[in-house]
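So the structure is just underneath, and the comments pick up after that.
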Amino acid sequence: MPKAIFRFYEELNDFLPEHRQKIDFKADFTDKRSIKDMIEALGVPHTEIDLILANGKSVDFTYILQDEDRVSVYPVFESLNIENVTRLRKIPLRRTKFIADINLGDIVKFMRVLGFDVYFDPTVSIQKIIEISQKESRIILTKSKKLLKFKKVTHGIFIRPGTTEKQIKRILDYLDITDRIRPFSRCLLCNNLLESVPKEKIIDRIPPKTRHFCDEYTHCKFCGKIFWKGAHFIRMKKVIEQILNQPEFYQAV
């Protein structure tokens, strides 16, 4: 049976069993097997990969493995210029939108706090998530390696263990979208954009104590939720500053 020598780099090792992490290892494969199928069979989703070298030359996912191939697999490059080789991770979508699976409620809330469009419905199936992702050009956020291995998935990010702040920071760094942050511009409940609303127009819906200290309000015209800069706003603002490591970021935007 033909064999190939594989080596995975950096965070791609998180998907491998310990005895295969950060070392060269041999793996058997059947004839005419694509390099993409083989890599995913080893446990690494294709959405996490930016570059594959076969015997020192860049190849795409359709490359057919040959006996004794030496394969090096790399994640997203943050500082190394690889413009002249075959990058496999597609350029981030021009309009950055997301869809999150059932286990990411906290991430959804704070991604919306940052102003990102995040579709979230804990009742939808994996197939429906993929369908919506394709139809609406949304990047999938998930803790499921299985979901990211579906062939129809073109844009996806595997959410690794960690605090919500660290998980969101990785998303921002991975896609380089910090400049697209628009804090407190989106409804946390239904995901639609917020609009300013005169205090007088909603006076009967504002808690009595709040009327005395706050004059600025936004509301969602779709679900009717009202927002103001109260205690909850201050708590969320602190989380944003922790994510970005930039105190007083909100005032600077």
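Identifiers for the structure tokens are assigned positionally: chains receive A, B, ... in sequence, residues are indexed from 1 per chain, and ligands are indexed from 1 in the order shown.
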
Compile the contact shell of A:Glu216 as a CSV table (one decimal) with C-alpha atoms, in the first residue's frame: residues with an atom at most 9 Å away, counting only C-alpha atoms, same-chain residues fewer than 3 positions apart removed.
chain,number,residue,atom,x,y,z
A,196,SER,CA,-31.3,56.3,17.3
A,197,VAL,CA,-34.7,57.1,18.8
A,198,PRO,CA,-35.9,60.3,20.5
A,199,LYS,CA,-36.5,59.9,24.3
A,227,PHE,CA,-30.9,50.0,24.5
A,228,TRP,CA,-29.2,52.7,26.6
A,229,LYS,CA,-25.9,53.3,28.3

Could you pull out all residues of stretch 13-167 of chain A with a DSSP call of helix (DSSP H, G or I) and give them as a PyMOL selection string? chain A and resi 13-15+18-20+35-41+46-48+105-113+126-136+145-148+164-167

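The shell of residues at most 9 Å from A:Pro17, with only C-alpha atoms counted and near chain neighbours (fewer than 4 positions) removed, consists of Asn13, Gln21 and Gly43 of chain A.
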